[in-house]
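Structure file my_file.txt with compact mmCIF, C-alpha atoms:
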```txt
# COMPACT_ATOMS: atom_id res chain seq x y z
CA MET A 16 -69.79 77.23 -22.53
CA LEU A 17 -69.03 77.76 -26.20
CA TYR A 18 -65.84 76.22 -27.57
CA LYS A 19 -64.18 76.98 -30.87
CA GLU A 20 -60.74 77.08 -32.45
CA GLU A 21 -59.26 79.71 -34.73
CA VAL A 22 -55.99 79.69 -36.63
CA ILE A 23 -53.70 82.61 -35.80
CA SER A 24 -51.49 83.31 -38.79
CA ILE A 25 -49.14 86.16 -39.63
CA ASP A 26 -46.98 87.02 -42.62
CA TYR A 27 -43.95 85.04 -41.45
CA GLU A 28 -42.02 85.56 -44.66
CA GLY A 29 -42.51 89.31 -44.35
CA TYR A 30 -40.54 89.12 -41.12
CA ASP A 31 -37.88 86.89 -42.65
CA LEU A 32 -39.17 84.06 -40.48
CA GLN A 33 -39.61 80.43 -41.40
CA THR A 34 -43.31 79.57 -41.77
CA PRO A 35 -44.14 77.01 -39.06
CA ALA A 36 -45.14 73.51 -40.14
CA LYS A 37 -48.00 73.66 -37.61
CA GLN A 38 -50.13 76.79 -37.45
CA ALA A 39 -50.77 78.60 -34.17
CA VAL A 40 -54.26 77.99 -32.83
CA LEU A 41 -56.41 80.02 -30.43
CA GLN A 42 -58.70 77.77 -28.39
CA SER A 43 -61.72 79.68 -27.11
CA TYR A 44 -63.69 78.85 -23.95
CA ILE A 45 -66.49 81.40 -23.98
CA VAL A 46 -69.05 81.92 -21.23
CA ASN A 47 -72.45 81.26 -22.78
CA THR A 48 -74.18 84.39 -21.47
CA THR A 49 -77.97 84.55 -21.56
CA GLU A 50 -80.53 87.12 -20.48
CA GLN A 51 -81.25 84.94 -17.45
CA SER A 52 -77.65 85.15 -16.22
CA TYR A 53 -76.92 87.24 -13.15
CA LEU A 54 -74.08 88.86 -15.08
CA SER A 55 -75.37 88.98 -18.63
CA GLY A 56 -73.18 91.90 -19.60
CA LYS A 57 -69.58 92.12 -20.74
CA ARG A 58 -66.99 89.92 -19.06
CA PRO A 59 -63.19 89.95 -18.89
CA ALA A 60 -61.13 87.58 -21.04
CA VAL A 61 -57.83 85.85 -20.24
CA ILE A 62 -55.53 84.58 -23.00
CA ILE A 63 -53.30 81.80 -21.65
CA CYS A 64 -49.84 80.93 -22.99
CA PRO A 65 -48.70 77.55 -21.62
CA GLY A 66 -45.01 76.96 -21.01
CA GLY A 67 -42.68 74.49 -22.65
CA GLY A 68 -39.34 76.24 -23.00
CA TYR A 69 -40.25 77.59 -26.46
CA SER A 70 -39.78 74.01 -27.67
CA MET A 71 -43.30 72.63 -27.08
CA ILE A 72 -46.66 73.61 -25.55
CA ALA A 73 -47.58 72.20 -22.11
CA ASN A 74 -51.32 72.58 -22.69
CA PHE A 75 -52.29 69.79 -20.29
CA ILE A 76 -50.54 71.43 -17.35
CA GLU A 77 -50.90 75.14 -18.07
CA GLY A 78 -53.66 75.43 -20.66
CA GLU A 79 -57.08 73.83 -20.59
CA SER A 80 -57.21 73.10 -16.84
CA ILE A 81 -56.50 76.72 -16.04
CA ALA A 82 -58.91 77.97 -18.71
CA LEU A 83 -61.69 75.93 -17.12
CA LYS A 84 -60.99 77.55 -13.75
CA PHE A 85 -61.40 81.00 -15.28
CA ILE A 86 -64.57 80.14 -17.17
CA ALA A 87 -66.07 78.56 -14.05
CA SER A 88 -65.64 81.96 -12.38
CA GLY A 89 -67.42 83.76 -15.24
CA ILE A 90 -64.31 84.91 -17.12
CA HIS A 91 -63.90 84.11 -20.82
CA ALA A 92 -60.73 82.07 -21.38
CA PHE A 93 -58.54 81.42 -24.41
CA VAL A 94 -55.50 79.17 -24.81
CA LEU A 95 -52.95 80.09 -27.45
CA GLU A 96 -50.99 77.18 -28.88
CA TYR A 97 -48.27 79.43 -30.26
CA SER A 98 -45.41 78.43 -32.54
CA THR A 99 -42.19 77.20 -30.98
CA GLN A 100 -38.73 76.13 -32.14
CA PRO A 101 -37.55 76.39 -34.92
CA LEU A 102 -39.60 79.60 -35.25
CA CYS A 103 -37.51 82.31 -33.61
CA PHE A 104 -38.17 85.75 -32.19
CA PRO A 105 -40.49 87.57 -32.73
CA GLY A 106 -42.75 84.91 -34.28
CA ALA A 107 -44.65 83.76 -31.18
CA LEU A 108 -44.86 87.34 -29.91
CA LEU A 109 -46.53 88.45 -33.13
CA GLU A 110 -48.96 85.52 -32.85
CA LEU A 111 -49.92 86.54 -29.31
CA SER A 112 -50.26 90.15 -30.42
CA LYS A 113 -52.67 89.08 -33.14
CA ALA A 114 -54.52 86.81 -30.71
CA VAL A 115 -55.22 89.79 -28.42
CA ALA A 116 -56.51 91.79 -31.39
CA THR A 117 -58.62 88.80 -32.45
CA VAL A 118 -60.24 88.47 -29.02
CA ARG A 119 -60.87 92.22 -28.91
CA ALA A 120 -62.60 91.97 -32.30
CA MET A 121 -64.91 89.30 -30.82
CA ALA A 122 -66.08 91.66 -28.06
CA SER A 123 -69.49 92.60 -29.42
CA ASP A 124 -70.37 89.05 -30.47
CA TYR A 125 -69.46 87.31 -27.22
CA ASN A 126 -69.96 89.93 -24.50
CA ILE A 127 -66.23 90.45 -23.96
CA ASP A 128 -65.12 93.58 -22.12
CA SER A 129 -62.63 95.01 -24.60
CA ASN A 130 -60.98 96.98 -21.78
CA LYS A 131 -60.30 93.84 -19.73
CA ILE A 132 -58.28 91.52 -21.95
CA ILE A 133 -55.53 89.92 -19.90
CA VAL A 134 -52.56 87.88 -21.10
CA SER A 135 -51.37 85.06 -18.88
CA GLY A 136 -48.37 82.79 -19.21
CA PHE A 137 -46.31 80.20 -17.39
CA SER A 138 -42.55 79.64 -17.54
CA ALA A 139 -41.54 80.37 -21.17
CA GLY A 140 -45.20 81.20 -21.82
CA GLY A 141 -44.80 83.76 -19.05
CA HIS A 142 -41.92 85.27 -20.97
CA LEU A 143 -44.13 85.44 -24.05
CA ALA A 144 -47.03 87.09 -22.20
CA ALA A 145 -44.69 89.51 -20.43
CA SER A 146 -43.02 90.32 -23.77
CA LEU A 147 -46.32 91.54 -25.14
CA GLY A 148 -46.92 93.54 -21.97
CA VAL A 149 -43.55 95.21 -22.48
CA TYR A 150 -43.45 95.53 -26.28
CA TRP A 151 -47.09 95.82 -27.43
CA LYS A 152 -46.65 99.48 -28.42
CA GLU A 153 -43.28 99.04 -30.14
CA GLY A 154 -43.04 99.82 -33.84
CA PHE A 155 -41.86 96.35 -34.84
CA ILE A 156 -45.26 95.03 -33.70
CA GLN A 157 -47.59 97.94 -34.40
CA ARG A 158 -46.14 98.84 -37.80
CA TYR A 159 -46.17 95.45 -39.47
CA LEU A 160 -49.45 94.18 -38.11
CA GLY A 161 -51.21 97.42 -38.96
CA TYR A 162 -52.83 98.31 -35.65
CA ASP A 163 -54.39 101.76 -35.50
CA ASN A 164 -56.16 101.83 -32.13
CA ASN A 165 -54.05 99.68 -29.83
CA GLU A 166 -56.05 96.58 -30.72
CA ASN A 167 -53.23 94.38 -29.39
CA LYS A 168 -52.95 96.12 -26.01
CA PRO A 169 -53.17 93.79 -22.98
CA ASN A 170 -55.02 95.35 -20.04
CA GLY A 171 -53.33 93.14 -17.47
CA MET A 172 -50.93 90.22 -17.05
CA ILE A 173 -50.94 87.04 -14.95
CA LEU A 174 -47.48 85.45 -14.85
CA GLY A 175 -46.69 82.12 -13.22
CA TYR A 176 -43.03 81.30 -12.53
CA PRO A 177 -42.10 83.28 -15.67
CA VAL A 178 -38.81 83.35 -17.54
CA ILE A 179 -37.91 87.05 -17.59
CA SER A 180 -34.19 87.67 -17.68
CA GLY A 181 -31.33 86.89 -20.03
CA LYS A 182 -28.75 87.43 -17.29
CA GLU A 183 -26.18 84.70 -16.87
CA GLY A 184 -26.94 82.59 -13.83
CA ILE A 185 -30.58 83.68 -13.77
CA THR A 186 -31.95 83.01 -17.23
CA HIS A 187 -33.42 79.74 -18.40
CA LEU A 188 -30.86 78.93 -21.08
CA GLY A 189 -33.07 76.44 -22.90
CA SER A 190 -35.85 78.98 -23.40
CA MET A 191 -33.45 81.69 -24.54
CA ARG A 192 -31.64 79.41 -26.98
CA ASN A 193 -34.87 78.00 -28.41
CA LEU A 194 -36.17 81.52 -28.99
CA LEU A 195 -32.99 83.27 -30.14
CA GLY A 196 -30.72 80.46 -31.35
CA ASN A 197 -27.59 79.02 -29.78
CA CYS A 198 -25.48 82.16 -30.26
CA PRO A 199 -27.66 85.23 -29.67
CA ASP A 200 -26.01 88.60 -30.00
CA GLU A 201 -26.07 91.33 -27.35
CA LYS A 202 -29.02 93.11 -28.96
CA GLU A 203 -31.14 89.95 -28.94
CA ILE A 204 -30.25 89.17 -25.33
CA ALA A 205 -31.15 92.76 -24.43
CA LEU A 206 -34.61 92.30 -25.98
CA PHE A 207 -35.03 88.96 -24.19
CA SER A 208 -34.22 90.59 -20.82
CA LEU A 209 -37.62 92.08 -20.10
CA GLU A 210 -36.71 93.57 -16.73
CA ASN A 211 -34.55 96.13 -18.55
CA ASN A 212 -37.30 97.17 -20.97
CA VAL A 213 -40.21 97.95 -18.66
CA THR A 214 -41.95 101.30 -19.19
CA ASP A 215 -45.04 102.90 -17.75
CA LEU A 216 -47.01 101.38 -20.66
CA VAL A 217 -46.77 97.91 -19.08
CA PRO A 218 -50.21 96.89 -17.74
CA PRO A 219 -50.99 95.90 -14.12
CA THR A 220 -49.37 92.56 -13.34
CA PHE A 221 -50.01 89.55 -11.10
CA LEU A 222 -46.90 87.42 -10.41
CA TRP A 223 -46.41 84.16 -8.57
CA HIS A 224 -43.38 81.92 -8.14
CA THR A 225 -41.84 79.51 -5.64
CA SER A 226 -38.54 80.32 -3.98
CA SER A 227 -37.45 76.68 -4.34
CA ASP A 228 -37.87 76.62 -8.14
CA THR A 229 -34.62 75.13 -9.44
CA CYS A 230 -35.53 75.41 -13.13
CA VAL A 231 -36.52 79.08 -13.45
CA ASP A 232 -34.93 81.05 -10.64
CA VAL A 233 -37.31 83.14 -8.54
CA GLN A 234 -35.02 86.10 -9.26
CA ASN A 235 -36.77 86.33 -12.65
CA SER A 236 -39.98 87.41 -10.92
CA LEU A 237 -38.16 89.55 -8.37
CA LEU A 238 -36.28 91.46 -11.07
CA PHE A 239 -39.48 92.07 -13.01
CA ALA A 240 -41.35 93.22 -9.91
CA THR A 241 -38.52 95.64 -9.09
CA ALA A 242 -38.69 97.07 -12.61
CA LEU A 243 -42.47 97.45 -12.36
CA ARG A 244 -42.08 99.30 -9.06
CA GLN A 245 -39.47 101.63 -10.56
CA HIS A 246 -41.93 102.60 -13.29
CA ASP A 247 -44.96 102.89 -11.00
CA VAL A 248 -46.73 99.96 -12.65
CA GLU A 249 -49.31 98.37 -10.37
CA PHE A 250 -48.41 94.79 -9.45
CA GLU A 251 -49.19 92.01 -7.03
CA MET A 252 -46.68 89.27 -6.25
CA HIS A 253 -46.83 86.02 -4.27
CA ILE A 254 -43.71 84.00 -3.50
CA TYR A 255 -44.37 80.56 -2.06
CA PRO A 256 -41.61 78.88 -0.04
CA THR A 257 -41.69 75.46 -1.70
CA GLY A 258 -42.85 73.87 -4.94
CA ASP A 259 -41.41 72.47 -8.15
CA HIS A 260 -41.29 74.33 -11.42
CA GLY A 261 -44.31 73.85 -13.68
CA LEU A 262 -46.92 73.41 -10.95
CA GLY A 263 -49.89 74.57 -13.00
CA LEU A 264 -52.77 74.51 -10.52
CA ALA A 265 -50.56 72.63 -8.00
CA ASN A 266 -53.28 70.02 -7.57
CA LYS A 267 -54.21 66.57 -8.90
CA ALA A 268 -55.59 68.04 -12.12
CA THR A 269 -52.19 69.22 -13.36
CA ALA A 270 -49.63 67.28 -11.30
CA ARG A 271 -47.24 64.98 -13.18
CA HIS A 272 -46.17 63.33 -9.92
CA PRO A 273 -47.26 63.54 -6.25
CA GLY A 274 -44.60 66.14 -5.47
CA GLN A 275 -46.45 68.65 -7.64
CA ILE A 276 -49.51 68.57 -5.42
CA VAL A 277 -48.73 71.54 -3.19
CA PRO A 278 -51.77 72.73 -1.18
CA ALA A 279 -50.03 75.91 -0.06
CA CYS A 280 -49.72 77.06 -3.70
CA GLN A 281 -53.24 76.21 -4.82
CA ASN A 282 -54.75 79.56 -3.87
CA TRP A 283 -52.88 81.45 -6.61
CA ILE A 284 -55.74 80.88 -9.07
CA ASP A 285 -58.34 82.34 -6.70
CA MET A 286 -56.17 85.41 -6.14
CA ALA A 287 -55.61 85.75 -9.89
CA ILE A 288 -59.37 85.61 -10.50
CA ARG A 289 -59.84 88.35 -7.90
CA PHE A 290 -57.07 90.36 -9.62
CA VAL A 291 -58.98 90.13 -12.91
CA ASP A 292 -62.27 91.11 -11.29
CA GLU A 293 -60.69 94.18 -9.73
CA LEU A 294 -58.97 95.50 -12.87
```
Using structure tokens, write down the structure from this file.
Amino acid sequence: MLYKEEVISIDYEGYDLQTPAKQAVLQSYIVNTTEQSYLSGKRPAVIICPGGGYSMIANFIEGESIALKFIASGIHAFVLEYSTQPLCFPGALLELSKAVATVRAMASDYNIDSNKIIVSGFSAGGHLAASLGVYWKEGFIQRYLGYDNNENKPNGMILGYPVISGKEGITHLGSMRNLLGNCPDEKEIALFSLENNVTDLVPPTFLWHTSSDTCVDVQNSLLFATALRQHDVEFEMHIYPTGDHGLGLANKATARHPGQIVPACQNWIDMAIRFVDEL
């Protein structure tokens, strides 16, 4: 495995955004492919956005441990430590957009399949990943970052217990307020509500959630899946009956307390790996 870190920086001032005190960083876990490898050719890559309510980055739970699972299966993995509060929308989204373009630019050097770059996210990180899946082609991203050939296009998404909706009673208020401010207007809430902005340009999606999640309501995933179906976007969804929010791998590696070790949920990562392989 090759490991390296790269700063992901955009022209924050050009977007009338406050420049973050801490720069966004892309952590790279790259399969060290050799001629002796069974699969010495190009491999998929997954860019992981940990959760944290847009206030912090839960890398321990939803970053490195998950990246190591992907790389152990022969998939290049990247963890994006994106900017959070007080940076507001669309700062983190632009960072993820640039991260996808950065990984795609690495393709020839590190045997990355440029047609299999997947964004993955958990909780608020799931909202970030899904936002790129929904908005990657929009002018406010393409125009200012200067993409000519869809360099920032995700080819798939893996979303774990994602924040999706801005609807009252369903949304995760903390994530929405940290991203949009305490008093977002109707236009901002409309952009936050991804289920209402799905088009046929959204890539194939893998979703998982637990129906007992009391932090981010499972209706977030259900609403998104319904929107994907309405637009004929390929998706796979798994709803587990029990499990806290923020399970990560749902095992000892990521559990913060014994209640987050949920054997029934642990197979999501194997199914996500198969999803990537079949894209």
For A:Ile63, which of A:Tyr176, A:Phe137, A:Phe75, A:Phe221 is the closest residue, counting only C-alpha atoms?
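Distance minimum relative to A:Ile63 lands on A:Phe137.
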Identify which of the residues A:Phe250, A:Tyr97, A:Tyr30, A:Phe290 lies closest to A:Pro218, counting all atoms listed in the file when measuring atom-to-atom distances.
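Under the stated criterion, the closest residue is A:Phe250.
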Could you list, as an MDAnalysis selection string, every residue within 7 Å of stretch 206-216 of chain A, counting only C-alpha atoms and ignoring same-chain residues fewer than 3 positions away?
chainID A and resid 146 149 179:181 202:203 238:239 242:243 246:248
Hey, can you check how far atom CA of A:Gln157 sits from atom CA of A:Gly196?
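Going from atom CA of A:Gln157 over to atom CA of A:Gly196, I get 24.5 Å.
Of the listed residues (A:Leu17, A:Gly258, A:Leu109, A:Ile133), A:Leu109 comes nearest to A:Gly154; the distances count only C-alpha atoms.
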Ranking A:Cys198, A:Ile284, A:Val61, A:Ala145 by minimum distance to A:Ser236 and counting all atoms listed in the file, which one comes first?
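Answer, going by the shortest atom-to-atom distance: A:Ala145.
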Neighbours of point (-44.7, 95.5, -40.0) within 12 Å, using only C-alpha atoms, written as a count of residues only:
19
Tell me which of A:Pro219, A:Gly66, A:Gly78, A:Pro177 sits closest to A:Gln42, counting only C-alpha atoms.
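Ranked by minimum distance to A:Gln42, first place goes to A:Gly78.
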Quick one: distance from atom CA of A:Cys230 to atom CA of A:Gly67 in Å, one decimal?
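These atoms are spaced 11.9 Å apart.
For the set A:Cys64, A:Glu201, A:Ile76, A:Thr34, the residue with the smallest atom-to-atom gap to A:Lys267 is A:Ile76, counting all atoms listed in the file.
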Could you give me the axis-aligned bounding box of stretch 76-94 of chain A, with 5 Å of padding per side, as centre plus edge lengths in Å to one decimal, as AutoDock Vina command-line options?
```
--center_x -59.0 --center_y 78.2 --center_z -18.6 --size_x 26.9 --size_y 23.5 --size_z 22.4
```
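In this structure, atom CA of A:Thr257 sits 11.1 Å away from atom CA of A:Ile276.
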Could you please give me, as a CSV table (one decimal) with C-alpha atoms, in the coordinates of the input, the residues of protein, DNA or RNA lying at most 12 Å from (-38.6, 68.4, -25.4) in the coordinate frame of the file, considering only C-alpha atoms?
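And here's selection.csv as it stands now:
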```
chain,number,residue,atom,x,y,z
A,66,GLY,CA,-45.0,77.0,-21.0
A,67,GLY,CA,-42.7,74.5,-22.6
A,68,GLY,CA,-39.3,76.2,-23.0
A,69,TYR,CA,-40.2,77.6,-26.5
A,70,SER,CA,-39.8,74.0,-27.7
A,71,MET,CA,-43.3,72.6,-27.1
A,72,ILE,CA,-46.7,73.6,-25.6
A,73,ALA,CA,-47.6,72.2,-22.1
A,99,THR,CA,-42.2,77.2,-31.0
A,100,GLN,CA,-38.7,76.1,-32.1
A,189,GLY,CA,-33.1,76.4,-22.9
A,190,SER,CA,-35.8,79.0,-23.4
A,193,ASN,CA,-34.9,78.0,-28.4
```
Write out as a ChimeraX atom specification which residues come within 10 Å of A:Glu110 when counting all atoms listed in the file, dropping same-chain ones fewer than 4 positions away.
/A:22-25,27,38-41,95-98,105-106,114-116
Find the spatial neighbours of A:Asn282, counting only C-alpha atoms, within a cut-off of 12 Å - ignore same-chain residues fewer than 3 positions away - and output them as a ChimeraX atom specification.
/A:84,223,253-255,263-266,277-279,285-289
For stretch 122-129 of chain A, find every residue with an atom within 7 Å (counting only C-alpha atoms), except residues of its own chain fewer than 4 positions away, and show them as a list in words.
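That gives Gly56, Lys57, Arg58, Pro59, Ala60 and Val118 of chain A.
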Given the selection you just returned, output its residues as a file containing C-alpha atoms, formatted as a PDB file, in the coordinates of the input.
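Below is the file result29.pdb, written as the result:
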```pdb
ATOM      1  CA  GLY A  56     -73.180  91.900 -19.600  1.00  0.00           C
ATOM      2  CA  LYS A  57     -69.580  92.120 -20.740  1.00  0.00           C
ATOM      3  CA  ARG A  58     -66.990  89.920 -19.060  1.00  0.00           C
ATOM      4  CA  PRO A  59     -63.190  89.950 -18.890  1.00  0.00           C
ATOM      5  CA  ALA A  60     -61.130  87.580 -21.040  1.00  0.00           C
ATOM      6  CA  VAL A 118     -60.240  88.470 -29.020  1.00  0.00           C
TER       7      VAL A 118
END
```
Missing atoms of stretch 251-275 of chain A rebuilt to N, CA and C atoms, written as a short mmCIF file (atom, residue, chain, number, x, y, z; two decimals), keeping the file's coordinate frame:
```
data_model
loop_
_atom_site.label_atom_id
_atom_site.label_comp_id
_atom_site.auth_asym_id
_atom_site.auth_seq_id
_atom_site.Cartn_x
_atom_site.Cartn_y
_atom_site.Cartn_z
N GLU A 251 -48.95 92.86 -8.20
CA GLU A 251 -49.19 92.01 -7.03
C GLU A 251 -48.31 90.79 -7.20
N MET A 252 -47.59 90.40 -6.14
CA MET A 252 -46.68 89.27 -6.25
C MET A 252 -46.81 88.35 -5.05
N HIS A 253 -46.77 87.03 -5.32
CA HIS A 253 -46.83 86.02 -4.27
C HIS A 253 -45.68 85.05 -4.47
N ILE A 254 -44.82 84.94 -3.47
CA ILE A 254 -43.71 84.00 -3.50
C ILE A 254 -43.98 82.92 -2.47
N TYR A 255 -44.13 81.68 -2.94
CA TYR A 255 -44.37 80.56 -2.06
C TYR A 255 -43.04 79.91 -1.69
N PRO A 256 -42.91 79.39 -0.47
CA PRO A 256 -41.61 78.88 -0.04
C PRO A 256 -41.16 77.61 -0.75
N THR A 257 -42.09 76.72 -1.09
CA THR A 257 -41.69 75.46 -1.70
C THR A 257 -42.62 75.12 -2.87
N GLY A 258 -42.08 74.33 -3.79
CA GLY A 258 -42.85 73.87 -4.94
C GLY A 258 -41.98 73.76 -6.17
N ASP A 259 -42.16 72.68 -6.92
CA ASP A 259 -41.41 72.47 -8.15
C ASP A 259 -41.77 73.51 -9.20
N HIS A 260 -40.95 73.55 -10.24
CA HIS A 260 -41.29 74.33 -11.42
C HIS A 260 -42.42 73.63 -12.17
N GLY A 261 -43.25 74.42 -12.85
CA GLY A 261 -44.31 73.85 -13.68
C GLY A 261 -45.46 73.28 -12.89
N LEU A 262 -45.86 73.94 -11.81
CA LEU A 262 -46.92 73.41 -10.95
C LEU A 262 -48.31 73.48 -11.58
N GLY A 263 -48.53 74.39 -12.50
CA GLY A 263 -49.89 74.57 -13.00
C GLY A 263 -50.80 74.99 -11.86
N LEU A 264 -51.84 74.22 -11.62
CA LEU A 264 -52.77 74.51 -10.52
C LEU A 264 -52.27 73.95 -9.19
N ALA A 265 -51.17 73.23 -9.20
CA ALA A 265 -50.56 72.63 -8.00
C ALA A 265 -51.47 71.62 -7.33
N ASN A 266 -52.38 71.03 -8.12
CA ASN A 266 -53.28 70.02 -7.57
C ASN A 266 -53.27 68.76 -8.45
N LYS A 267 -54.17 67.84 -8.17
CA LYS A 267 -54.21 66.57 -8.90
C LYS A 267 -54.50 66.77 -10.38
N ALA A 268 -55.19 67.83 -10.72
CA ALA A 268 -55.59 68.04 -12.12
C ALA A 268 -54.40 68.26 -13.03
N THR A 269 -53.33 68.87 -12.51
CA THR A 269 -52.19 69.22 -13.36
C THR A 269 -50.88 68.57 -12.93
N ALA A 270 -50.87 67.87 -11.81
CA ALA A 270 -49.63 67.28 -11.30
C ALA A 270 -49.16 66.13 -12.19
N ARG A 271 -47.85 66.10 -12.45
CA ARG A 271 -47.24 64.98 -13.18
C ARG A 271 -46.71 63.92 -12.23
N HIS A 272 -46.57 64.28 -10.96
CA HIS A 272 -46.17 63.33 -9.92
C HIS A 272 -46.64 63.90 -8.58
N PRO A 273 -46.71 63.08 -7.53
CA PRO A 273 -47.26 63.54 -6.25
C PRO A 273 -46.58 64.78 -5.69
N GLY A 274 -45.30 64.98 -5.99
CA GLY A 274 -44.60 66.14 -5.47
C GLY A 274 -45.11 67.46 -6.01
N GLN A 275 -45.91 67.42 -7.08
CA GLN A 275 -46.45 68.65 -7.64
C GLN A 275 -47.85 68.98 -7.12
#
```
